[in-house]
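Student: Sharing start_13.cif (mmCIF, C-alpha atoms) below.
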data_protein
loop_
_atom_site.label_atom_id
_atom_site.label_comp_id
_atom_site.auth_asym_id
_atom_site.auth_seq_id
_atom_site.Cartn_x
_atom_site.Cartn_y
_atom_site.Cartn_z
CA MET P 1 -60.08 -29.58 5.89
CA ASN P 2 -60.49 -31.03 2.42
CA ARG P 3 -61.84 -27.75 1.13
CA ARG P 4 -58.92 -25.85 2.57
CA PHE P 5 -56.48 -28.33 1.02
CA ARG P 6 -58.16 -27.97 -2.38
CA LEU P 7 -57.90 -24.18 -2.08
CA LEU P 8 -54.19 -24.45 -1.36
CA ILE P 9 -53.64 -26.77 -4.33
CA GLY P 10 -55.61 -24.38 -6.51
CA GLN P 11 -53.37 -21.48 -5.54
CA PHE P 12 -50.19 -23.44 -6.17
CA PRO P 13 -49.72 -22.41 -9.84
CA ILE P 14 -50.21 -18.73 -8.96
CA VAL P 15 -47.71 -18.90 -6.09
CA THR P 16 -45.19 -20.79 -8.26
CA ALA P 17 -45.54 -18.29 -11.11
CA ALA P 18 -45.06 -15.39 -8.70
CA ALA P 19 -41.96 -17.04 -7.22
CA ILE P 20 -40.47 -17.66 -10.68
CA PHE P 21 -41.19 -14.06 -11.68
CA CYS P 22 -39.47 -12.73 -8.54
CA MET P 23 -36.42 -14.95 -9.05
CA ALA P 24 -36.15 -13.99 -12.71
CA THR P 25 -36.34 -10.30 -11.80
CA PHE P 26 -33.71 -10.79 -9.09
CA VAL P 27 -31.35 -12.66 -11.43
CA ALA P 28 -31.84 -10.07 -14.17
CA ALA P 29 -31.13 -7.22 -11.75
CA GLN P 30 -27.98 -8.84 -10.36
CA THR P 31 -24.77 -7.25 -11.51
CA PHE P 32 -21.29 -8.71 -11.66
CA ARG P 33 -19.98 -9.07 -8.11
CA ASN P 34 -22.76 -6.80 -6.84
CA ALA P 35 -21.45 -3.77 -8.67
CA PRO P 36 -23.85 -0.83 -8.36
CA ALA P 37 -26.26 -0.38 -11.25
CA SER P 38 -24.51 2.87 -12.18
CA ALA P 39 -21.34 0.89 -12.99
CA THR P 40 -23.11 -0.93 -15.82
CA GLN P 41 -23.57 2.37 -17.66
CA VAL P 42 -19.87 3.33 -17.62
CA LYS P 43 -18.19 2.85 -20.98
CA ASN P 44 -14.63 1.67 -21.47
CA PRO P 45 -12.73 4.62 -23.01
CA TYR P 46 -10.22 2.19 -24.53
CA ALA P 47 -12.65 -0.42 -25.88
CA GLY P 48 -11.11 -2.21 -28.85
CA ASP P 49 -7.83 -0.27 -28.56
CA ALA P 50 -5.04 -2.78 -29.23
CA GLN P 51 -2.36 -0.50 -27.77
CA ALA P 52 -4.32 -0.12 -24.55
CA ALA P 53 -4.83 -3.88 -24.38
CA ALA P 54 -1.08 -4.40 -24.81
CA GLY P 55 -0.43 -2.02 -21.93
CA GLY P 56 -3.12 -3.86 -19.97
CA LYS P 57 -1.37 -7.15 -20.62
CA LYS P 58 1.77 -5.77 -19.02
CA LEU P 59 -0.19 -4.46 -16.04
CA TYR P 60 -2.02 -7.77 -15.72
CA ALA P 61 1.30 -9.63 -15.59
CA GLN P 62 2.59 -7.28 -12.87
CA ASN P 63 -0.50 -7.17 -10.69
CA CYS P 64 -2.99 -9.92 -11.43
CA ALA P 65 -1.19 -12.97 -12.86
CA GLN P 66 0.21 -14.03 -9.48
CA CYS P 67 -3.32 -15.03 -8.39
CA HIS P 68 -5.36 -15.38 -11.60
CA GLY P 69 -2.60 -17.10 -13.61
CA ASN P 70 -0.62 -15.97 -16.64
CA ASN P 71 -3.39 -17.10 -18.98
CA LEU P 72 -6.30 -15.88 -16.85
CA GLN P 73 -7.00 -19.51 -16.00
CA GLY P 74 -7.36 -18.91 -12.26
CA MET P 75 -5.21 -20.37 -9.49
CA GLY P 76 -6.30 -21.68 -6.11
CA PRO P 77 -9.05 -19.52 -4.68
CA ALA P 78 -8.66 -16.86 -7.42
CA PRO P 79 -11.20 -17.66 -10.15
CA THR P 80 -10.61 -17.87 -13.87
CA LEU P 81 -11.19 -14.66 -15.79
CA LEU P 82 -12.29 -16.56 -18.89
CA SER P 83 -15.62 -17.65 -17.46
CA PRO P 84 -18.99 -16.81 -19.05
CA LYS P 85 -19.66 -14.65 -15.98
CA VAL P 86 -16.67 -12.42 -16.75
CA LYS P 87 -17.43 -12.43 -20.47
CA GLU P 88 -20.98 -11.28 -19.81
CA ALA P 89 -19.94 -8.62 -17.31
CA LYS P 90 -20.16 -5.03 -18.50
CA PRO P 91 -16.81 -3.18 -18.75
CA GLY P 92 -17.94 -0.75 -16.06
CA GLU P 93 -18.68 -3.64 -13.70
CA LEU P 94 -15.23 -5.12 -14.23
CA PHE P 95 -13.70 -1.68 -13.67
CA TRP P 96 -15.73 -1.24 -10.49
CA PHE P 97 -14.64 -4.63 -9.16
CA ILE P 98 -10.95 -4.02 -9.93
CA THR P 99 -11.20 -0.64 -8.18
CA ASN P 100 -12.99 -1.89 -5.06
CA GLY P 101 -11.93 -5.52 -4.81
CA ASN P 102 -13.61 -7.83 -2.37
CA LEU P 103 -11.55 -7.25 0.74
CA ASN P 104 -13.29 -9.88 2.82
CA ASN P 105 -12.61 -12.57 0.25
CA GLY P 106 -9.03 -11.93 -0.76
CA MET P 107 -9.44 -9.69 -3.81
CA PRO P 108 -7.51 -6.48 -3.07
CA SER P 109 -8.56 -3.05 -4.20
CA TRP P 110 -6.45 -1.76 -7.09
CA SER P 111 -7.43 1.86 -6.67
CA GLN P 112 -3.76 2.78 -6.34
CA LEU P 113 -3.41 2.19 -10.07
CA PRO P 114 -4.41 5.26 -12.07
CA LYS P 115 -7.86 5.06 -13.68
CA PRO P 116 -6.53 4.70 -17.25
CA GLN P 117 -4.38 1.74 -16.17
CA ARG P 118 -7.38 0.00 -14.58
CA TRP P 119 -9.25 0.49 -17.85
CA GLN P 120 -6.29 -0.96 -19.71
CA ILE P 121 -6.58 -4.12 -17.59
CA VAL P 122 -10.32 -4.29 -18.37
CA THR P 123 -9.49 -3.88 -22.09
CA PHE P 124 -6.97 -6.71 -21.89
CA ILE P 125 -9.39 -9.06 -20.08
CA GLU P 126 -12.10 -8.28 -22.62
CA SER P 127 -9.74 -8.90 -25.53
CA LYS P 128 -8.76 -12.30 -24.09
CA ASN P 129 -12.40 -13.21 -23.57
CA ALA P 130 -13.25 -12.15 -27.13
CA VAL P 131 -10.57 -14.51 -28.43
CA SER P 132 -11.43 -17.43 -26.16
CA GLY P 133 -15.19 -16.98 -26.52
CA GLY P 134 -15.41 -17.18 -22.75
CA SER P 135 -16.03 -20.89 -22.99
CA GLN P 136 -13.64 -22.11 -20.30
CA MET Q 1 34.49 5.15 7.64
CA THR Q 2 31.08 6.59 6.84
CA ASN Q 3 31.74 6.43 3.12
CA ALA Q 4 32.81 2.79 3.36
CA PHE Q 5 29.68 2.00 5.31
CA LEU Q 6 27.50 3.73 2.73
CA LEU Q 7 29.23 1.81 -0.02
CA LYS Q 8 28.55 -1.48 1.78
CA THR Q 9 24.92 -0.52 2.29
CA PHE Q 10 24.40 0.28 -1.37
CA ALA Q 11 26.16 -2.95 -2.37
CA SER Q 12 23.78 -4.90 -0.11
CA LEU Q 13 20.80 -3.11 -1.61
CA TRP Q 14 22.06 -4.02 -5.08
CA VAL Q 15 22.23 -7.70 -4.10
CA VAL Q 16 18.71 -7.48 -2.74
CA TRP Q 17 17.57 -6.00 -6.03
CA LEU Q 18 19.10 -8.87 -7.97
CA THR Q 19 17.17 -11.37 -5.89
CA VAL Q 20 13.90 -9.58 -6.31
CA ILE Q 21 10.91 -11.77 -7.08
CA SER Q 22 7.94 -9.56 -7.83
CA VAL Q 23 6.64 -6.13 -6.96
CA SER Q 24 3.25 -4.76 -7.81
CA ALA Q 25 2.95 -1.53 -9.71
CA GLY Q 26 1.48 1.53 -8.09
CA GLU Q 27 3.67 1.49 -5.00
CA ARG Q 28 3.69 4.95 -3.50
CA PRO Q 29 7.02 6.74 -3.17
CA TYR Q 30 6.37 7.81 0.44
CA PHE Q 31 8.68 7.06 3.34
CA ILE Q 32 6.62 8.41 6.24
CA THR Q 33 3.06 8.83 5.06
CA TYR Q 34 0.63 5.93 4.63
CA ASP Q 35 -2.15 5.89 2.08
CA GLN Q 36 -5.07 3.44 1.90
CA THR Q 37 -3.15 0.81 -0.08
CA MET Q 38 -2.91 -2.47 1.81
CA GLU Q 39 -0.57 -5.37 1.13
CA GLU Q 40 -2.21 -8.00 -1.07
CA PRO Q 41 -3.46 -10.92 1.06
CA GLY Q 42 -0.86 -13.66 1.45
CA ASN Q 43 2.01 -11.53 0.07
CA LEU Q 44 5.12 -10.58 1.99
CA GLU Q 45 6.93 -7.37 1.15
CA ILE Q 46 10.44 -6.80 2.39
CA GLU Q 47 11.76 -3.27 2.38
CA MET Q 48 15.00 -1.72 3.47
CA LYS Q 49 14.99 1.96 4.27
CA GLY Q 50 17.98 4.08 5.05
CA LEU Q 51 18.42 7.59 6.34
CA THR Q 52 21.57 9.59 6.62
CA ALA Q 53 22.12 13.05 8.09
CA SER Q 54 24.79 15.21 9.63
CA PRO Q 55 23.45 17.04 12.67
CA GLN Q 56 24.89 20.42 13.58
CA ASP Q 57 27.68 19.88 16.14
CA GLY Q 58 27.15 16.12 15.88
CA ASN Q 59 28.43 13.08 14.03
CA GLN Q 60 27.04 11.90 10.73
CA PHE Q 61 24.84 8.84 11.10
CA LEU Q 62 23.18 6.24 8.94
CA SER Q 63 20.09 4.50 10.22
CA GLY Q 64 18.63 1.40 8.64
CA VAL Q 65 15.21 -0.16 8.96
CA THR Q 66 14.21 -3.57 7.66
CA GLU Q 67 10.51 -3.99 7.20
CA PHE Q 68 8.46 -7.16 6.73
CA GLU Q 69 4.96 -6.33 5.59
CA TYR Q 70 2.38 -9.08 5.31
CA GLY Q 71 -1.14 -8.96 3.91
CA ALA Q 72 -3.15 -10.86 6.51
CA LYS Q 73 -6.51 -9.93 4.93
CA GLY Q 74 -7.64 -7.58 2.21
CA TRP Q 75 -8.44 -5.08 4.97
CA TRP Q 76 -5.60 -5.86 7.40
CA THR Q 77 -1.86 -5.44 6.90
CA THR Q 78 0.64 -6.27 9.60
CA GLU Q 79 4.27 -5.12 9.63
CA PHE Q 80 7.34 -5.93 11.66
CA TYR Q 81 10.33 -3.58 11.72
CA LEU Q 82 13.89 -3.99 12.92
CA ASP Q 83 15.81 -0.77 13.50
CA GLY Q 84 19.50 -0.05 13.76
CA GLN Q 85 21.96 2.75 13.20
CA THR Q 86 25.60 3.57 12.92
CA THR Q 87 27.07 6.86 14.05
CA ALA Q 88 30.48 8.02 12.89
CA ASN Q 89 33.15 7.87 15.61
CA GLN Q 90 30.74 6.02 17.92
CA SER Q 91 29.22 2.61 17.22
CA THR Q 92 26.80 0.50 15.20
CA ILE Q 93 23.86 -0.69 17.25
CA PHE Q 94 20.52 -2.43 17.04
CA THR Q 95 17.95 -0.02 18.41
CA GLY Q 96 14.75 -2.05 18.65
CA PHE Q 97 11.65 -3.29 16.90
CA ARG Q 98 8.18 -2.13 15.92
CA TRP Q 99 4.98 -4.02 15.21
CA LYS Q 100 2.46 -2.13 13.14
CA ASN Q 101 -1.05 -2.98 12.04
CA ARG Q 102 -3.28 -1.17 9.59
CA PHE Q 103 -7.01 -1.74 9.26
CA ARG Q 104 -9.16 -0.42 6.46
CA LEU Q 105 -12.33 0.93 7.99
CA LEU Q 106 -14.48 0.90 4.84
CA MET Q 107 -14.61 -2.05 2.49
CA HIS Q 108 -15.24 -0.04 -0.68
CA GLU Q 109 -13.49 2.90 -2.28
CA HIS Q 110 -14.75 6.35 -1.32
CA ILE Q 111 -13.63 9.92 -1.94
CA ILE Q 112 -11.79 9.75 1.40
CA ASN Q 113 -10.68 6.32 2.60
CA PRO Q 114 -9.97 6.03 6.33
CA VAL Q 115 -7.50 3.51 7.73
CA PHE Q 116 -6.79 2.93 11.42
CA TYR Q 117 -3.19 2.27 12.40
CA VAL Q 118 -1.83 0.99 15.67
CA GLU Q 119 1.80 0.32 16.52
CA TYR Q 120 3.73 -1.04 19.45
CA GLU Q 121 7.37 -0.07 19.53
CA ASP Q 122 10.17 -1.14 21.79
CA ILE Q 123 13.16 1.00 20.85
CA ASN Q 124 15.92 2.71 22.70
CA GLY Q 125 16.84 6.38 22.78
CA ALA Q 126 19.59 5.91 20.19
CA ASP Q 127 17.08 5.14 17.44
CA LYS Q 128 17.53 7.57 14.57
CA SER Q 129 15.21 6.14 11.94
CA LEU Q 130 12.72 9.03 12.28
CA MET Q 131 9.85 6.87 11.10
CA GLU Q 132 7.61 9.54 12.48
CA VAL Q 133 8.12 12.94 14.05
CA VAL Q 134 5.97 13.68 17.10
CA GLY Q 135 5.87 16.01 20.07
CA PHE Q 136 9.07 18.02 20.35
CA ASP Q 137 11.39 15.50 18.64
CA SER Q 138 14.45 17.44 17.54
CA GLN Q 139 17.88 17.08 15.99
CA PHE Q 140 19.40 17.72 19.41
CA ASP Q 141 18.12 14.31 20.57
CA GLY Q 142 20.65 12.83 18.15
CA LEU Q 143 23.59 14.51 19.89
CA VAL Q 144 23.46 12.13 22.85
CA PRO Q 145 26.18 9.49 22.35
CA ASN Q 146 24.98 5.99 21.46
CA LYS Q 147 26.40 4.55 24.66
CA VAL Q 148 24.23 6.83 26.79
CA ALA Q 149 21.14 7.05 24.58
CA SER Q 150 20.82 3.28 24.16
CA ARG Q 151 20.29 2.88 27.94
CA ASP Q 152 17.02 4.76 27.64
CA ARG Q 153 14.41 2.21 26.58
CA GLU Q 154 11.14 3.48 25.14
CA ARG Q 155 8.04 1.35 24.91
CA GLU Q 156 5.34 3.22 23.09
CA ILE Q 157 1.93 2.83 21.57
CA GLU Q 158 1.32 4.86 18.49
CA THR Q 159 -1.95 5.36 16.67
CA LYS Q 160 -2.68 7.03 13.38
CA LEU Q 161 -5.75 8.00 11.50
CA ILE Q 162 -4.90 7.69 7.83
CA LEU Q 163 -7.07 9.49 5.31
CA SER Q 164 -6.34 8.95 1.66
CA SER Q 165 -7.87 9.84 -1.68
CA ASN Q 166 -7.11 8.97 -5.28
CA VAL Q 167 -8.23 11.67 -7.68
CA ASN Q 168 -7.34 11.84 -11.37
CA GLY Q 169 -4.14 9.87 -10.89
CA TRP Q 170 -3.10 11.90 -7.86
CA ASN Q 171 -2.90 10.40 -4.40
CA VAL Q 172 -3.44 12.70 -1.46
CA ALA Q 173 -2.84 11.25 2.01
CA GLU Q 174 -2.97 12.72 5.50
CA ASN Q 175 -1.88 10.96 8.69
CA PHE Q 176 -2.74 12.22 12.17
CA ILE Q 177 -0.45 10.72 14.79
CA ALA Q 178 -0.90 10.26 18.54
CA GLU Q 179 1.85 8.51 20.48
CA LYS Q 180 2.08 7.56 24.14
CA THR Q 181 4.94 6.08 26.10
CA LEU Q 182 3.93 3.28 28.42
CA ALA Q 183 6.00 5.02 31.08
CA GLY Q 184 3.14 7.47 31.48
CA GLU Q 185 4.40 10.60 29.77
CA PRO Q 186 1.76 12.76 28.07
CA TRP Q 187 0.44 12.01 24.60
CA GLU Q 188 2.60 13.36 21.78
CA PHE Q 189 1.12 14.44 18.48
CA GLY Q 190 2.36 14.72 14.95
CA TYR Q 191 1.21 14.66 11.38
CA SER Q 192 2.32 13.81 7.90
CA ALA Q 193 0.78 14.63 4.58
CA ALA Q 194 1.75 13.70 1.07
CA VAL Q 195 0.77 14.00 -2.52
CA SER Q 196 2.09 11.99 -5.46
CA ARG Q 197 1.36 10.99 -9.00
CA PRO Q 198 2.86 8.62 -11.59
CA LEU Q 199 4.58 10.55 -14.36
CA SER Q 200 2.26 8.84 -16.84
CA LEU Q 201 -1.22 7.54 -16.14
CA LEU Q 202 -1.22 5.14 -19.09
CA ALA Q 203 0.97 2.06 -19.32
CA SER Q 204 2.96 1.85 -22.52
CA PRO Q 205 2.47 -1.32 -24.56
CA ASP Q 206 6.13 -2.36 -24.47
CA GLU Q 207 8.37 -3.53 -21.64
CA CYS Q 208 10.60 -0.61 -20.73
CA THR Q 209 12.83 0.62 -17.95
CA LEU Q 210 12.68 4.36 -18.36
CA CYS Q 211 8.99 4.72 -19.27
CA ARG Q 212 7.32 7.55 -17.44
CA GLU Q 213 4.75 5.23 -15.86
CA ASN Q 214 7.60 3.56 -13.92
CA PHE Q 215 8.24 6.77 -12.01
CA GLN Q 216 6.15 8.32 -9.29
CA ALA Q 217 6.95 11.72 -7.90
CA GLY Q 218 5.52 13.68 -5.04
CA VAL Q 219 6.21 15.53 -1.86
CA GLU Q 220 5.81 14.76 1.84
CA PHE Q 221 5.38 17.17 4.74
CA TYR Q 222 5.68 16.01 8.32
CA GLY Q 223 6.37 17.28 11.77
CA GLY Q 224 5.50 17.40 15.44
CA LEU Q 225 2.47 19.06 16.99
CA GLY Q 226 3.56 19.16 20.61
CA THR Q 227 2.05 17.20 23.45
CA ALA Q 228 -1.25 16.94 25.30
CA ASN Q 229 0.10 19.53 27.74
CA LYS Q 230 1.34 21.89 25.05
CA PHE Q 231 -0.27 21.48 21.65
CA THR Q 232 1.81 23.72 19.39
CA VAL Q 233 4.17 23.82 16.43
CA HIS Q 234 6.63 26.14 18.22
CA GLY Q 235 9.83 24.31 19.04
CA THR Q 236 8.91 21.29 16.92
CA SER Q 237 10.66 19.74 13.93
CA GLN Q 238 9.05 20.28 10.55
CA TYR Q 239 10.18 18.78 7.27
CA ILE Q 240 9.45 18.98 3.58
CA ALA Q 241 10.63 16.11 1.41
CA PRO Q 242 10.30 15.61 -2.34
CA VAL Q 243 9.94 11.88 -3.07
CA LEU Q 244 10.64 9.85 -6.15
CA SER Q 245 10.19 6.15 -6.84
CA TRP Q 246 11.37 4.16 -9.81
CA GLN Q 247 10.19 0.72 -10.70
CA VAL Q 248 12.89 -1.23 -12.50
CA GLY Q 249 11.67 -4.60 -13.61
CA ASN Q 250 10.39 -6.10 -10.40
CA ALA Q 251 12.08 -3.78 -7.94
CA VAL Q 252 11.18 -0.38 -6.60
CA PHE Q 253 13.80 2.17 -5.62
CA LYS Q 254 12.86 5.23 -3.63
CA VAL Q 255 14.74 8.35 -2.71
CA SER Q 256 13.84 11.46 -0.78
CA PRO Q 257 16.06 14.44 -0.01
CA THR Q 258 14.54 15.95 3.11
CA PHE Q 259 14.84 19.52 4.33
CA GLY Q 260 14.25 20.82 7.83
CA LEU Q 261 12.12 23.94 8.15
CA THR Q 262 12.71 24.84 11.80
CA ASP Q 263 15.68 25.18 14.14
CA ALA Q 264 14.79 21.92 15.86
CA SER Q 265 14.88 20.00 12.55
CA TYR Q 266 17.87 18.37 10.92
CA ARG Q 267 18.92 20.81 8.22
CA ALA Q 268 19.04 18.12 5.54
CA MET Q 269 18.63 14.36 5.40
CA LEU Q 270 18.63 11.78 2.67
CA ARG Q 271 16.23 8.85 2.73
CA PHE Q 272 16.53 5.93 0.36
CA GLY Q 273 14.91 2.55 0.09
CA VAL Q 274 14.43 -0.59 -1.93
CA GLN Q 275 11.56 -3.02 -1.67
CA TYR Q 276 10.52 -6.34 -3.07
CA GLU Q 277 7.51 -8.53 -2.69
CA ILE Q 278 7.18 -12.29 -2.38
CA SER Q 279 3.93 -12.99 -4.18
CA GLY Q 280 1.86 -15.84 -2.76
CA PHE Q 281 4.11 -16.09 0.29
CA ARG Q 282 1.39 -17.79 2.35
CA ARG Q 283 0.76 -20.36 -0.41
CA LYS Q 284 4.47 -21.11 -0.71
CA LEU Q 285 4.80 -21.50 3.05
CA GLU Q 286 1.81 -23.85 3.20
CA LYS Q 287 3.30 -25.98 0.42
CA LEU Q 288 6.52 -26.23 2.39
CA PHE Q 289 4.77 -27.72 5.42
CA ARG Q 290 2.35 -29.97 3.53
#
Would you mind giving the structure from this file in structure tokens?
Tutor:
Amino acid sequence: MNRRFRLLIGQFPIVTAAAIFCMATFVAAQTFRNAPASATQVKNPYAGDAQAAAGGKKLYAQNCAQCHGNNLQGMGPAPTLLSPKVKEAKPGELFWFITNGNLNNGMPSWSQLPKPQRWQIVTFIESKNAVSGGSQ
Amino acid sequence: MTNAFLLKTFASLWVVWLTVISVSAGERPYFITYDQTMEEPGNLEIEMKGLTASPQDGNQFLSGVTEFEYGAKGWWTTEFYLDGQTTANQSTIFTGFRWKNRFRLLMHEHIINPVFYVEYEDINGADKSLMEVVGFDSQFDGLVPNKVASRDREREIETKLILSSNVNGWNVAENFIAEKTLAGEPWEFGYSAAVSRPLSLLASPDECTLCRENFQAGVEFYGGLGTANKFTVHGTSQYIAPVLSWQVGNAVFKVSPTFGLTDASYRAMLRFGVQYEISGFRRKLEKLFR
């Protein structure tokens, strides 16, 4: 019994290290809102385009502000879009999430907006996060 | 009389427009065809649709439908309709109600997005809203005087399989319709298909009324496909209808001149509509009762 217990204790650091490694791999592989890995590779065609961001601001006000707030601060169950999570998300992941939504949790799909307009919204959100530093 | 009624209708629509609260962009210009777009959860959209036509050997009529569309879930939209019509030299009557539900079958976007639709309607024979064309529906149905037609009550279940795709700014939608009266008559079939696109895929940086992105144009096709006993297009009504929508500030106006392609069809009709959306309707209602 004692020998078996000692064996278990001896294996503890190995098991712990393996568990930490698995968790780290899992966290590293996780994408924003479970977007497919392919979405991370998609580039924003309007990245850094001030005109596109201005158009995105208008689209945001029409479609998104009612839930996420005029200043992206979040309202009720709709989260803030100035969080570190959003700031760290790849443009393609944000685009994927806007396109698909999360229908079970209240985020509608915005696929009815033309692709360029969805990218304009991504550009606007990114520009706001660049200004705010995503610290909120 | 008809002109005065039309004037009143347009005046009412104008008042509705002035009280508009908020409408999302990207609303399709269709009157008959559904695409995969669902109402945003917790929002209530109110829409008024009108249709006017002059049947051959009949009186001109104007039908009106008021629609309340509520986003119950991201994947479930429920709608309640009230129908009525006025026929020149006859009467103005309430013709019944409809309760429609749409369910998105897949939670993510795909090349083709299927939606299941089920409707219960309790309308009378005088209904002229032509929200769908099935079986052997024809313009001659509209020749029966209101007094007589309204005695005929129709309780029906209607189902649709909606298939819709968004490709390069274009929306392509097909609806397959199967309708059954609860009185036991055979299944009636119909279809509608539509394609549309915004005039500009990019939003301009400035607020504007006449920007191309505020307009969506397209075309709808719809008609009957006979019944379970006689599945055919012969003797059915078939229509082609260019559609145009215009978003002005927070309101959306839609118009669709419609042309009949067969003898059973109305030769020409005009559909028009205005819609507005109460954003966060559920939240506002909850606040009221807190």
Student: Would you kindly translate the PyMOL selection byres ((chain P) within 12 of (chain Q)) into the concrete residues it picks from this file, as a ChimeraX atom specification?
Tutor: /P:34-36,46,49-69,75-78,96-121,124
Student: If I take atom CA of Ala173 of chain Q and atom CA of Ala251 of chain Q, how far is one from the other in Å, to one decimal?
Tutor: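 Spanning atom CA of Ala173 of chain Q to atom CA of Ala251 of chain Q is a straight-line distance of 23.4 Å.
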Student: For atom CA of Lys85 of chain P and atom CA of Ile125 of chain P, determine how far apart the two atoms are, in Å to one decimal place.
Tutor: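 Straight-line distance from atom CA of Lys85 of chain P to atom CA of Ile125 of chain P works out to 12.4 Å.
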Student: Grab the atom CA of Ser196 of chain Q to atom CA of Ser164 of chain Q distance for me, in Å with one decimal place.
Tutor: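 Distance between the two atoms: 11.4 Å.
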Student: Env of Thr31 of chain P: 9 Å cut, atoms = all atoms listed in the file, seq-sep filter 5 positions within chain, self excluded. Answer as a PyMOL selection string.
Tutor: chain P and resi 36-37+39-40+89-90+93
Student: On this file, the PyMOL selection byres ((chain Q and resi 96-100) around 8) gives some set of residues; write that set as an NGL selection string.
Tutor: :Q and (78-84 or 94-95 or 101-102 or 117-124 or 127)
Student: When the PyMOL selection byres ((chain Q and resi 235-240) around 10) is applied to the file above, which residues end up in the set, as a PDB file with C-alpha atoms, in the frame of the given file?
Tutor:
ATOM      1  CA  VAL Q 133       8.120  12.940  14.050  1.00  0.00           C
ATOM      2  CA  VAL Q 134       5.970  13.680  17.100  1.00  0.00           C
ATOM      3  CA  GLY Q 135       5.870  16.010  20.070  1.00  0.00           C
ATOM      4  CA  PHE Q 136       9.070  18.020  20.350  1.00  0.00           C
ATOM      5  CA  ASP Q 137      11.390  15.500  18.640  1.00  0.00           C
ATOM      6  CA  SER Q 138      14.450  17.440  17.540  1.00  0.00           C
ATOM      7  CA  GLN Q 139      17.880  17.080  15.990  1.00  0.00           C
ATOM      8  CA  GLY Q 190       2.360  14.720  14.950  1.00  0.00           C
ATOM      9  CA  TYR Q 191       1.210  14.660  11.380  1.00  0.00           C
ATOM     10  CA  SER Q 192       2.320  13.810   7.900  1.00  0.00           C
ATOM     11  CA  ALA Q 193       0.780  14.630   4.580  1.00  0.00           C
ATOM     12  CA  ALA Q 194       1.750  13.700   1.070  1.00  0.00           C
ATOM     13  CA  VAL Q 219       6.210  15.530  -1.860  1.00  0.00           C
ATOM     14  CA  GLU Q 220       5.810  14.760   1.840  1.00  0.00           C
ATOM     15  CA  PHE Q 221       5.380  17.170   4.740  1.00  0.00           C
ATOM     16  CA  TYR Q 222       5.680  16.010   8.320  1.00  0.00           C
ATOM     17  CA  GLY Q 223       6.370  17.280  11.770  1.00  0.00           C
ATOM     18  CA  GLY Q 224       5.500  17.400  15.440  1.00  0.00           C
ATOM     19  CA  LEU Q 225       2.470  19.060  16.990  1.00  0.00           C
ATOM     20  CA  GLY Q 226       3.560  19.160  20.610  1.00  0.00           C
ATOM     21  CA  THR Q 232       1.810  23.720  19.390  1.00  0.00           C
ATOM     22  CA  VAL Q 233       4.170  23.820  16.430  1.00  0.00           C
ATOM     23  CA  HIS Q 234       6.630  26.140  18.220  1.00  0.00           C
ATOM     24  CA  ALA Q 241      10.630  16.110   1.410  1.00  0.00           C
ATOM     25  CA  PRO Q 242      10.300  15.610  -2.340  1.00  0.00           C
ATOM     26  CA  VAL Q 243       9.940  11.880  -3.070  1.00  0.00           C
ATOM     27  CA  SER Q 256      13.840  11.460  -0.780  1.00  0.00           C
ATOM     28  CA  PRO Q 257      16.060  14.440  -0.010  1.00  0.00           C
ATOM     29  CA  THR Q 258      14.540  15.950   3.110  1.00  0.00           C
ATOM     30  CA  PHE Q 259      14.840  19.520   4.330  1.00  0.00           C
ATOM     31  CA  GLY Q 260      14.250  20.820   7.830  1.00  0.00           C
ATOM     32  CA  LEU Q 261      12.120  23.940   8.150  1.00  0.00           C
ATOM     33  CA  THR Q 262      12.710  24.840  11.800  1.00  0.00           C
ATOM     34  CA  ASP Q 263      15.680  25.180  14.140  1.00  0.00           C
ATOM     35  CA  ALA Q 264      14.790  21.920  15.860  1.00  0.00           C
ATOM     36  CA  SER Q 265      14.880  20.000  12.550  1.00  0.00           C
ATOM     37  CA  TYR Q 266      17.870  18.370  10.920  1.00  0.00           C
ATOM     38  CA  ARG Q 267      18.920  20.810   8.220  1.00  0.00           C
ATOM     39  CA  ALA Q 268      19.040  18.120   5.540  1.00  0.00           C
ATOM     40  CA  MET Q 269      18.630  14.360   5.400  1.00  0.00           C
TER      41      MET Q 269
END
Student: Around segment 96-106 of chain P, fit a box with edges along x, y and z, padding it by 4 Å on each side, then list its centre and edge lengths in Å to one decimal as lines of an AutoDock Vina configuration file.
Tutor:
center_x = -12.4
center_y = -6.6
center_z = -3.8
size_x = 14.7
size_y = 19.9
size_z = 21.3
Student: Which residues, protein or nucleic acid, reach to within 9 Å of (0.7, 7.4, 16.8) in the file's coordinates when using only C-alpha atoms, and can you give that as a compact mmCIF listing (two decimals) with C-alpha atoms, keeping the file's coordinate frame?
Tutor:
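Saved to point.txt:
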# COMPACT_ATOMS: atom_id res chain seq x y z
CA TYR Q 117 -3.19 2.27 12.40
CA VAL Q 118 -1.83 0.99 15.67
CA GLU Q 119 1.80 0.32 16.52
CA GLU Q 132 7.61 9.54 12.48
CA VAL Q 134 5.97 13.68 17.10
CA GLU Q 156 5.34 3.22 23.09
CA ILE Q 157 1.93 2.83 21.57
CA GLU Q 158 1.32 4.86 18.49
CA THR Q 159 -1.95 5.36 16.67
CA LYS Q 160 -2.68 7.03 13.38
CA LEU Q 161 -5.75 8.00 11.50
CA PHE Q 176 -2.74 12.22 12.17
CA ILE Q 177 -0.45 10.72 14.79
CA ALA Q 178 -0.90 10.26 18.54
CA GLU Q 179 1.85 8.51 20.48
CA LYS Q 180 2.08 7.56 24.14
CA GLU Q 188 2.60 13.36 21.78
CA PHE Q 189 1.12 14.44 18.48
CA GLY Q 190 2.36 14.72 14.95
